[in-house]
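This report concerns only the one structure given below.
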Amino acid sequence: MKMEVDPALIGQEYDHTTFAPVTEAEIREYVEASNEIPASEVDVEDLIAPPTFVVRLRGRRFMPGGMPRMGRTGFDAGKDIEFGVPVRPGDVLTASSTVHDVYEKTGRSGSMAFIVLRTVVTNQRDQLVATIDQKMMFR
Amino acid sequence: MAQASGADVIDVGYEIGPLALTLSGAEVKRYALAARMFGGRFMGDEEARREGFSAQVVPGNMSLSLLSRLIGRTFPNGVLQRLSATFRALIHPGHALVVRGVVTEVHRTDHGDVLECDLVIESGDGERLVTGTASVQLPPAG
């Protein structure tokens with residue numbers, strides 16, 4: 001699979017989305033569905049979201065325009081998240097997404113293309129909430 | 001599943017978990033909706049087959065959440081600083097899973113220990129479906 005990616009796309013912001021304030025209901029829904037924090041240990045006075053709550057953020061554009069078609073099927077191959085301050089009800093989160101890396105690999109099942117999309121999430125105080133690297137694989 | 005108490009000294013080789021579980025299709029759908037992952041593959045077998053999958057699929061984000069759950073249950077006073085996962089195979093509901101890990105490095109600091117951990121989600125027959133790593137900041141002893 002030959003990829004011809006415009007080098008200018010790497011590092012260029014392709015999405016910048018500010019979300020509606022996080023609600024207590026959204027955090028509770030995620031707590032209950034993920035069971036990441038036992039419900040019995042949820043601090044009702046100081047509710048914070050489980051760490052992986054940030055993966056539910058969806059910007060307006062998942063991929064940048066101008067990317068070549070890379071294979072027939074895309075898969076979520078993995079994620080790497082660095083966490084900053086926790087998310088609380090009322091937080092207004094902003095996600096900025098860039099193409100962090102594009103590369104090819106050849107494995108037993110043939111040639112695969114990978115794209116790493118980096119999303120930096122900050123809150124209304126400009127504090128870093130998370131840096132999420134999402135690796136998409138195409139074959 | 002063992003929980004590290006505040007008095008425990010965690011060293012390299014400390015075993016995390018295991019957490020044994022079987023996800024139901026309803027749990028997977030509930031997670032997908034809460035995580036705003038509305039793809040049919042996450043909703044049920046029939047919807048997944050329409051998208052070319054053999055059965056309902058567990059979202060990668062849910063696997064990530066299972067790894068976070070393992071860390072949170074083992075180190076309830078710890079703070080997850082970094083979590084990474086590689087999704088090596090599709091996971092379908094209804095199959096036994098084992099989530100486990102091991103501490104591979106311990107960095108002693110004035111602000112408490114920072115643990116580096118290797119993590120894995122295995123199938124009932126030991127296939128490594130998801131591999132990952134985590135960094136966890138523990139509070140200072142005492």
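Chain labels run A, B, ... following the order of the structure tokens; each chain numbers its residues from 1, and ligands are numbered from 1 in the order shown.
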
Which chain A residues have any atom within 7 Å of an atom of chain B, and for each, what is the nearest pair of atoms with distance in Å to one decimal, counting only C-alpha atoms, rows sorted by chain and number, as JSON lines?
{"residue": "A:Glu29", "atom": "CA", "partner": "B:Ala34", "partner_atom": "CA", "distance": 6.1}
{"residue": "A:Tyr30", "atom": "CA", "partner": "B:Ala34", "partner_atom": "CA", "distance": 5.4}
{"residue": "A:Ala33", "atom": "CA", "partner": "B:Tyr31", "partner_atom": "CA", "distance": 4.8}
{"residue": "A:Ser34", "atom": "CA", "partner": "B:Tyr31", "partner_atom": "CA", "distance": 5.9}
{"residue": "A:Glu36", "atom": "CA", "partner": "B:Arg69", "partner_atom": "CA", "distance": 4.4}
{"residue": "A:Ile37", "atom": "CA", "partner": "B:Arg69", "partner_atom": "CA", "distance": 6.6}
{"residue": "A:Thr52", "atom": "CA", "partner": "B:Ser65", "partner_atom": "CA", "distance": 6.0}
{"residue": "A:Val55", "atom": "CA", "partner": "B:Asn61", "partner_atom": "CA", "distance": 6.9}
{"residue": "A:Arg56", "atom": "CA", "partner": "B:Ala35", "partner_atom": "CA", "distance": 4.5}
{"residue": "A:Asp76", "atom": "CA", "partner": "B:Gly60", "partner_atom": "CA", "distance": 6.8}
{"residue": "A:Ala77", "atom": "CA", "partner": "B:Phe87", "partner_atom": "CA", "distance": 5.1}
{"residue": "A:Gly78", "atom": "CA", "partner": "B:Thr86", "partner_atom": "CA", "distance": 4.2}
{"residue": "A:Lys79", "atom": "CA", "partner": "B:Ala85", "partner_atom": "CA", "distance": 5.4}
{"residue": "A:Asp80", "atom": "CA", "partner": "B:Ser84", "partner_atom": "CA", "distance": 3.9}
{"residue": "A:Ile81", "atom": "CA", "partner": "B:Leu83", "partner_atom": "CA", "distance": 5.3}
{"residue": "A:Glu82", "atom": "CA", "partner": "B:Arg82", "partner_atom": "CA", "distance": 4.3}
{"residue": "A:Phe83", "atom": "CA", "partner": "B:Gln81", "partner_atom": "CA", "distance": 5.1}

What would the file look like if the residues just selected were written as a short mmCIF file (atom, residue, chain, number, x, y, z; two decimals), in the first residue's frame with all heavy atoms?
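Just written: again_11.cif:
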data_model
loop_
_atom_site.label_atom_id
_atom_site.label_comp_id
_atom_site.auth_asym_id
_atom_site.auth_seq_id
_atom_site.Cartn_x
_atom_site.Cartn_y
_atom_site.Cartn_z
N GLU A 29 -23.45 8.70 33.99
CA GLU A 29 -23.75 7.69 32.97
C GLU A 29 -22.48 6.91 32.63
O GLU A 29 -22.50 5.68 32.52
CB GLU A 29 -24.31 8.37 31.71
CG GLU A 29 -24.63 7.38 30.59
CD GLU A 29 -24.93 8.08 29.26
OE1 GLU A 29 -24.43 9.21 29.04
OE2 GLU A 29 -25.65 7.48 28.45
N TYR A 30 -21.36 7.63 32.50
CA TYR A 30 -20.10 6.96 32.14
C TYR A 30 -19.60 6.10 33.30
O TYR A 30 -19.09 4.99 33.09
CB TYR A 30 -19.05 7.99 31.72
CG TYR A 30 -17.87 7.34 31.03
CD1 TYR A 30 -17.92 7.02 29.68
CD2 TYR A 30 -16.72 6.99 31.74
CE1 TYR A 30 -16.86 6.39 29.04
CE2 TYR A 30 -15.65 6.36 31.11
CZ TYR A 30 -15.73 6.07 29.77
OH TYR A 30 -14.68 5.43 29.14
N ALA A 33 -21.76 2.94 33.29
CA ALA A 33 -21.58 2.08 32.12
C ALA A 33 -20.20 1.44 32.10
O ALA A 33 -20.03 0.32 31.62
CB ALA A 33 -21.82 2.86 30.85
N SER A 34 -19.21 2.16 32.59
CA SER A 34 -17.83 1.65 32.52
C SER A 34 -17.44 0.84 33.74
O SER A 34 -16.57 -0.02 33.66
CB SER A 34 -16.84 2.80 32.35
OG SER A 34 -16.76 3.57 33.54
N GLU A 36 -15.67 1.77 35.90
CA GLU A 36 -14.24 2.04 36.09
C GLU A 36 -13.96 2.42 37.53
O GLU A 36 -12.93 2.06 38.10
CB GLU A 36 -13.85 3.18 35.14
CG GLU A 36 -12.41 3.22 34.76
CD GLU A 36 -12.20 4.17 33.57
OE1 GLU A 36 -12.93 4.04 32.57
OE2 GLU A 36 -11.33 5.02 33.67
N ILE A 37 -14.88 3.19 38.11
CA ILE A 37 -14.83 3.50 39.53
C ILE A 37 -16.05 2.82 40.15
O ILE A 37 -17.16 3.01 39.64
CB ILE A 37 -14.95 5.03 39.77
CG1 ILE A 37 -13.85 5.79 39.04
CG2 ILE A 37 -14.94 5.35 41.26
CD1 ILE A 37 -14.07 7.29 39.03
N THR A 52 -10.86 7.57 31.73
CA THR A 52 -11.08 7.39 30.29
C THR A 52 -12.34 8.12 29.78
O THR A 52 -12.69 7.98 28.60
CB THR A 52 -11.17 5.89 29.89
OG1 THR A 52 -12.35 5.33 30.45
CG2 THR A 52 -9.93 5.14 30.34
N VAL A 55 -12.29 9.87 26.33
CA VAL A 55 -12.37 9.24 25.00
C VAL A 55 -13.74 9.43 24.36
O VAL A 55 -13.91 9.17 23.17
CB VAL A 55 -12.03 7.72 25.03
CG1 VAL A 55 -10.64 7.49 25.57
CG2 VAL A 55 -13.07 6.93 25.80
N ARG A 56 -14.72 9.91 25.15
CA ARG A 56 -16.05 10.08 24.57
C ARG A 56 -16.18 11.41 23.81
O ARG A 56 -17.20 11.63 23.16
CB ARG A 56 -17.13 9.95 25.64
CG ARG A 56 -17.16 11.11 26.61
CD ARG A 56 -18.06 10.83 27.79
NE ARG A 56 -19.46 10.79 27.48
CZ ARG A 56 -20.21 11.87 27.24
NH1 ARG A 56 -19.67 13.06 27.22
NH2 ARG A 56 -21.51 11.75 27.00
N ASP A 76 -9.40 0.80 14.92
CA ASP A 76 -8.77 1.46 16.06
C ASP A 76 -7.68 0.51 16.56
O ASP A 76 -7.98 -0.55 17.11
CB ASP A 76 -9.83 1.72 17.14
CG ASP A 76 -9.29 2.53 18.30
OD1 ASP A 76 -8.09 2.85 18.31
OD2 ASP A 76 -10.09 2.85 19.20
N ALA A 77 -6.43 0.86 16.33
CA ALA A 77 -5.34 -0.06 16.68
C ALA A 77 -4.79 0.17 18.07
O ALA A 77 -4.08 -0.68 18.61
CB ALA A 77 -4.20 0.08 15.66
N GLY A 78 -5.12 1.31 18.65
CA GLY A 78 -4.63 1.55 20.01
C GLY A 78 -4.70 3.00 20.40
O GLY A 78 -4.96 3.88 19.57
N LYS A 79 -4.47 3.23 21.69
CA LYS A 79 -4.50 4.60 22.21
C LYS A 79 -3.42 4.77 23.25
O LYS A 79 -3.05 3.80 23.94
CB LYS A 79 -5.86 4.89 22.86
CG LYS A 79 -6.94 5.21 21.88
CD LYS A 79 -8.10 5.92 22.55
CE LYS A 79 -9.14 6.32 21.52
NZ LYS A 79 -9.74 5.17 20.84
N ASP A 80 -2.95 5.98 23.37
CA ASP A 80 -1.98 6.33 24.40
C ASP A 80 -2.46 7.66 24.98
O ASP A 80 -2.58 8.64 24.26
CB ASP A 80 -0.60 6.48 23.75
CG ASP A 80 0.51 6.64 24.77
OD1 ASP A 80 0.21 7.05 25.91
OD2 ASP A 80 1.67 6.37 24.43
N ILE A 81 -2.77 7.66 26.26
CA ILE A 81 -3.33 8.87 26.88
C ILE A 81 -2.45 9.32 28.03
O ILE A 81 -2.14 8.53 28.93
CB ILE A 81 -4.76 8.62 27.42
CG1 ILE A 81 -5.67 8.02 26.34
CG2 ILE A 81 -5.36 9.92 27.95
CD1 ILE A 81 -7.07 7.73 26.82
N GLU A 82 -2.07 10.57 27.99
CA GLU A 82 -1.43 11.18 29.17
C GLU A 82 -2.48 12.04 29.84
O GLU A 82 -3.12 12.88 29.17
CB GLU A 82 -0.25 12.05 28.75
CG GLU A 82 0.98 11.21 28.47
CD GLU A 82 2.25 12.05 28.47
OE1 GLU A 82 2.42 12.87 29.40
OE2 GLU A 82 3.03 11.87 27.55
N PHE A 83 -2.65 11.83 31.13
CA PHE A 83 -3.72 12.52 31.83
C PHE A 83 -3.19 13.76 32.55
O PHE A 83 -2.09 13.73 33.13
CB PHE A 83 -4.38 11.59 32.86
CG PHE A 83 -5.02 10.38 32.22
CD1 PHE A 83 -4.36 9.16 32.20
CD2 PHE A 83 -6.27 10.47 31.64
CE1 PHE A 83 -4.93 8.04 31.61
CE2 PHE A 83 -6.85 9.36 31.03
CZ PHE A 83 -6.18 8.14 31.02
#

> Running DSSP on the backbone, which parts of chain A land in strand (DSSP E), as a ChimeraX atom specification?
Replying inline: /A:13-18,74-83,94-107,110-122,128-138

>> Among range 8-43 of chain B, which residues does DSSP mark as alpha helix (DSSP H) when it is run on the backbone? Keep the chain and numbering as in the structure and answer as a list of chain:residue names.
In response: B:Gly25, B:Ala26, B:Glu27, B:Val28, B:Lys29, B:Arg30, B:Tyr31, B:Ala32, B:Leu33, B:Ala34

> Which residues, written as a PyMOL selection string, have at least one atom at most 10 Å from Arg118 in chain A, with only C-alpha atoms counted and residues fewer than 3 positions away on the same chain left out?
Replying inline: chain A and resi 11+13+79-81+95-101+115+121+131-135

> Contacts of Phe53 in chain B at 12 Å or less, counting only C-alpha atoms, minus same-chain residues fewer than 4 places along, as a ChimeraX atom specification?
Replying inline: /A:73 /B:39-49,57-58,90-92

Contacts of Ala25 in chain A within 12 Å, only C-alpha atoms, excl. fewer than 5 positions in-chain, as a compact mmCIF listing (two decimals) with C-alpha atoms, in the first residue's frame:
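And here's result-v9.txt as it stands now:
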# COMPACT_ATOMS: atom_id res chain seq x y z
CA TYR A 30 -20.10 6.96 32.14
CA VAL A 31 -19.34 5.82 35.71
CA GLU A 32 -22.22 3.36 35.63
CA LEU A 47 -17.67 14.19 41.55
CA ILE A 48 -14.86 13.58 39.10
CA ALA A 49 -15.02 11.64 35.88
CA ARG A 88 -15.55 17.76 36.82
CA PRO A 89 -19.16 18.79 36.18
CA GLY A 90 -19.33 22.23 34.61
CA ALA B 34 -22.23 6.32 27.25

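All residues of protein, DNA or RNA that reach within 10 Å of Thr94 in chain A, judged by only C-alpha atoms and not counting those fewer than 6 positions away in the chain, are His16, Thr17, Thr18, Phe19, Ala20, Leu57, Gly59, Thr119, Val120, Val121, Thr122, Asn123, Gln124, Asp126, Leu128 and Val129 of chain A.
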
>> Residues near Asp113 in chain B, anyone? I mean within 7 Å using only C-alpha atoms, not counting same-chain ones fewer than 6 positions away, as a list in words.
In response: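 The residues that qualify are Val106, His107, Gln137, Leu138 and Pro140 of chain B.
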